[in-house]
Amino acid sequence: MNTLLDRVPLWIAVVPLGLYFLWLAAAHCRRHPLVVSGVGDGVGLGLGLVGLVMAGPLALVRPAAGSSPWIWPMLVLVFALLVALCVLVSRPRLVIYNISVEQLRPVVVEVASSLDPAVRWAGESAALPSRGFQLHIDGDGSMRSASVVAIVGRSSQEGWIEFSRRLRRAVARLQVRRNPWGLCFAAIGIMLLGFALWHALGLSLESFIPRRFLIS
């Protein structure tokens with residue numbers, strides 16, 4: 001097992017990243033925005049990068065860590081713990097794919113007002129005093145993705161959970177145009193998986209071009 005993992009080739013390492021890009025493509029090509037929790041978004045990104053991390057940083061650390069058969073599982077566990085730590089220390093948030101801030105803001109205003117009529121807005125931020133938390137709308141207009149970040153205390157967890165549930169329902173009713181970025185993500189994912197498949201099947205130029213043409 002250690003011998004196999006010591007030589008993780010690049011074509012295997014890019015498979016999770018290719019699948020992650022295809023998932024992004026599917027999220028951006030939907031006619032309805034997709035809402036993902038911050039935890040799910042962080043874990044998805046970590047899974048997409050795990051192959052490159054194993055073939056890159058972890059492979060560099062591996063020789064100095066010794067020859068124990070448990071070294072690779074421990075290094076992968078360390079990476080998983082780092083991803084979990086980043087997710088845990090980040091503020092609660094919802095990530096919404098294939099929607100602009102301008103499209104999302106009226107929905108958030110409606111949901112926040114129904115949850116707390118005393119909601120107070122200041123730009124893209126809002127305070128829900130009776131629910132005990134604040135939220136901020138952030139987004140990337142060029143990528144057509146947005147997020148709702150919350151400042152939540154222990155006593156206001158239920159309010160944020162209820163807000164998240166209502167926002168998911170409200171966003172699911174929206175109809176939006178497909179994001180052109182979805183095609184770009186799909187092309188990248190297909191190229192990465194094609195690269196992996198090419199090497200998995202052992203294809204090479206010699207399979208299609210006679211050797212005498214390559215030498216000349």
# chains A, B, ... in the order shown; residues from 1 in each chain; ligands from 1

$ select_by_dssp --residues "stretch 11-95 of chain A" --states "alpha helix (DSSP H)" --output "PyMOL selection string"
chain A and resi 11-28+38-55+57-65+71-89

$ residues_around --residues "A:Met191" --least-positions-apart "2" --cutoff "12 Å" --atoms "only C-alpha atoms" --output "ChimeraX atom specification"
/A:11,14-15,17-19,21-22,184-189,193-198

$ write_last_selection --atoms "C-alpha atoms" --output "short mmCIF file (atom, residue, chain, number, x, y, z; two decimals), in the first residue's frame"
data_model
loop_
_atom_site.label_atom_id
_atom_site.label_comp_id
_atom_site.auth_asym_id
_atom_site.auth_seq_id
_atom_site.Cartn_x
_atom_site.Cartn_y
_atom_site.Cartn_z
CA TRP A 11 -3.19 11.67 -13.69
CA VAL A 14 -6.42 15.27 -11.02
CA VAL A 15 -9.45 12.94 -11.00
CA LEU A 17 -10.41 17.94 -9.16
CA GLY A 18 -11.99 17.06 -12.50
CA LEU A 19 -15.08 15.70 -10.74
CA PHE A 21 -15.22 21.04 -11.75
CA LEU A 22 -18.00 18.94 -13.28
CA CYS A 184 -16.02 26.66 -18.83
CA PHE A 185 -16.10 24.54 -15.69
CA ALA A 186 -17.40 21.58 -17.70
CA ALA A 187 -14.62 21.98 -20.28
CA ILE A 188 -11.96 22.07 -17.54
CA GLY A 189 -13.44 19.02 -15.80
CA LEU A 193 -10.70 13.56 -16.65
CA GLY A 194 -9.68 13.07 -20.28
CA PHE A 195 -6.05 13.55 -19.26
CA ALA A 196 -6.48 10.95 -16.54
CA LEU A 197 -8.25 8.49 -18.85
CA TRP A 198 -5.59 8.98 -21.54
#

$ residues_around --residues "A:Ser114" --least-positions-apart "5" --cutoff "12 Å" --atoms "only C-alpha atoms" --output "PyMOL selection string"
chain A and resi 107-109+119+128+130-131+159+162-163+166-167+170

$ write_last_selection --atoms "N, CA and C atoms" --output "PDB file, in the first residue's frame"
ATOM      1  N   VAL A 107     -34.641  38.484  -2.193  1.00  0.00           N
ATOM      2  CA  VAL A 107     -35.070  37.243  -1.551  1.00  0.00           C
ATOM      3  C   VAL A 107     -34.650  37.234  -0.084  1.00  0.00           C
ATOM      4  N   VAL A 108     -33.410  37.666   0.173  1.00  0.00           N
ATOM      5  CA  VAL A 108     -32.931  37.712   1.554  1.00  0.00           C
ATOM      6  C   VAL A 108     -33.739  38.718   2.365  1.00  0.00           C
ATOM      7  N   VAL A 109     -34.064  39.871   1.760  1.00  0.00           N
ATOM      8  CA  VAL A 109     -34.870  40.882   2.451  1.00  0.00           C
ATOM      9  C   VAL A 109     -36.230  40.311   2.826  1.00  0.00           C
ATOM     10  N   VAL A 119     -36.179  43.798  11.521  1.00  0.00           N
ATOM     11  CA  VAL A 119     -34.866  43.724  10.888  1.00  0.00           C
ATOM     12  C   VAL A 119     -34.398  45.111  10.457  1.00  0.00           C
ATOM     13  N   LEU A 128     -30.944  41.161  12.840  1.00  0.00           N
ATOM     14  CA  LEU A 128     -32.242  40.631  13.242  1.00  0.00           C
ATOM     15  C   LEU A 128     -32.256  40.566  14.769  1.00  0.00           C
ATOM     16  N   SER A 130     -34.492  40.378  17.217  1.00  0.00           N
ATOM     17  CA  SER A 130     -35.274  39.391  17.969  1.00  0.00           C
ATOM     18  C   SER A 130     -34.756  37.973  17.784  1.00  0.00           C
ATOM     19  N   ARG A 131     -34.007  37.754  16.731  1.00  0.00           N
ATOM     20  CA  ARG A 131     -33.411  36.442  16.489  1.00  0.00           C
ATOM     21  C   ARG A 131     -31.966  36.358  16.966  1.00  0.00           C
ATOM     22  N   GLY A 159     -32.326  30.538  15.244  1.00  0.00           N
ATOM     23  CA  GLY A 159     -32.759  31.558  14.305  1.00  0.00           C
ATOM     24  C   GLY A 159     -32.050  31.433  12.975  1.00  0.00           C
ATOM     25  N   GLU A 162     -33.398  28.408  11.072  1.00  0.00           N
ATOM     26  CA  GLU A 162     -34.700  28.698  10.472  1.00  0.00           C
ATOM     27  C   GLU A 162     -34.551  29.611   9.261  1.00  0.00           C
ATOM     28  N   PHE A 163     -33.664  30.615   9.365  1.00  0.00           N
ATOM     29  CA  PHE A 163     -33.418  31.501   8.231  1.00  0.00           C
ATOM     30  C   PHE A 163     -32.873  30.700   7.042  1.00  0.00           C
ATOM     31  N   ARG A 166     -35.684  28.687   5.356  1.00  0.00           N
ATOM     32  CA  ARG A 166     -36.595  29.518   4.565  1.00  0.00           C
ATOM     33  C   ARG A 166     -35.910  30.045   3.305  1.00  0.00           C
ATOM     34  N   LEU A 167     -34.633  30.399   3.421  1.00  0.00           N
ATOM     35  CA  LEU A 167     -33.925  30.920   2.246  1.00  0.00           C
ATOM     36  C   LEU A 167     -33.776  29.837   1.185  1.00  0.00           C
ATOM     37  N   ALA A 170     -37.066  29.629  -0.618  1.00  0.00           N
ATOM     38  CA  ALA A 170     -37.330  30.797  -1.452  1.00  0.00           C
ATOM     39  C   ALA A 170     -36.448  30.796  -2.699  1.00  0.00           C
TER      40      ALA A 170
END

$ closest_atom_pairs --of "stretch 108-199 of chain A" --to "stretch 83-97 of chain A" --cutoff "7 Å" --atoms "only C-alpha atoms" --output "JSON lines"
{"residue": "A:Arg144", "atom": "CA", "partner": "A:Tyr97", "partner_atom": "CA", "distance": 6.9}
{"residue": "A:Ser145", "atom": "CA", "partner": "A:Tyr97", "partner_atom": "CA", "distance": 4.6}
{"residue": "A:Ala146", "atom": "CA", "partner": "A:Ile96", "partner_atom": "CA", "distance": 5.2}
{"residue": "A:Ser147", "atom": "CA", "partner": "A:Val95", "partner_atom": "CA", "distance": 4.3}
{"residue": "A:Val148", "atom": "CA", "partner": "A:Leu94", "partner_atom": "CA", "distance": 5.2}
{"residue": "A:Val149", "atom": "CA", "partner": "A:Arg93", "partner_atom": "CA", "distance": 4.3}
{"residue": "A:Ala150", "atom": "CA", "partner": "A:Pro92", "partner_atom": "CA", "distance": 5.5}
{"residue": "A:Ile151", "atom": "CA", "partner": "A:Arg91", "partner_atom": "CA", "distance": 6.7}

$ select_by_dssp --residues "stretch 36-186 of chain A" --states "strand (DSSP E or B)" --output "MDAnalysis selection string"
chainID A and resid 36:37 93:97 120:122 125:128 133:140 145:152

$ closest_residue --among "A:Asp116, A:Leu201, A:Val101, A:Gly46" --to "A:His136" --atoms "only C-alpha atoms"
A:Val101

$ closest_residue --among "A:Gly139, A:Ile161, A:Ile99, A:Arg105" --to "A:Ala126" --atoms "only C-alpha atoms"
A:Arg105
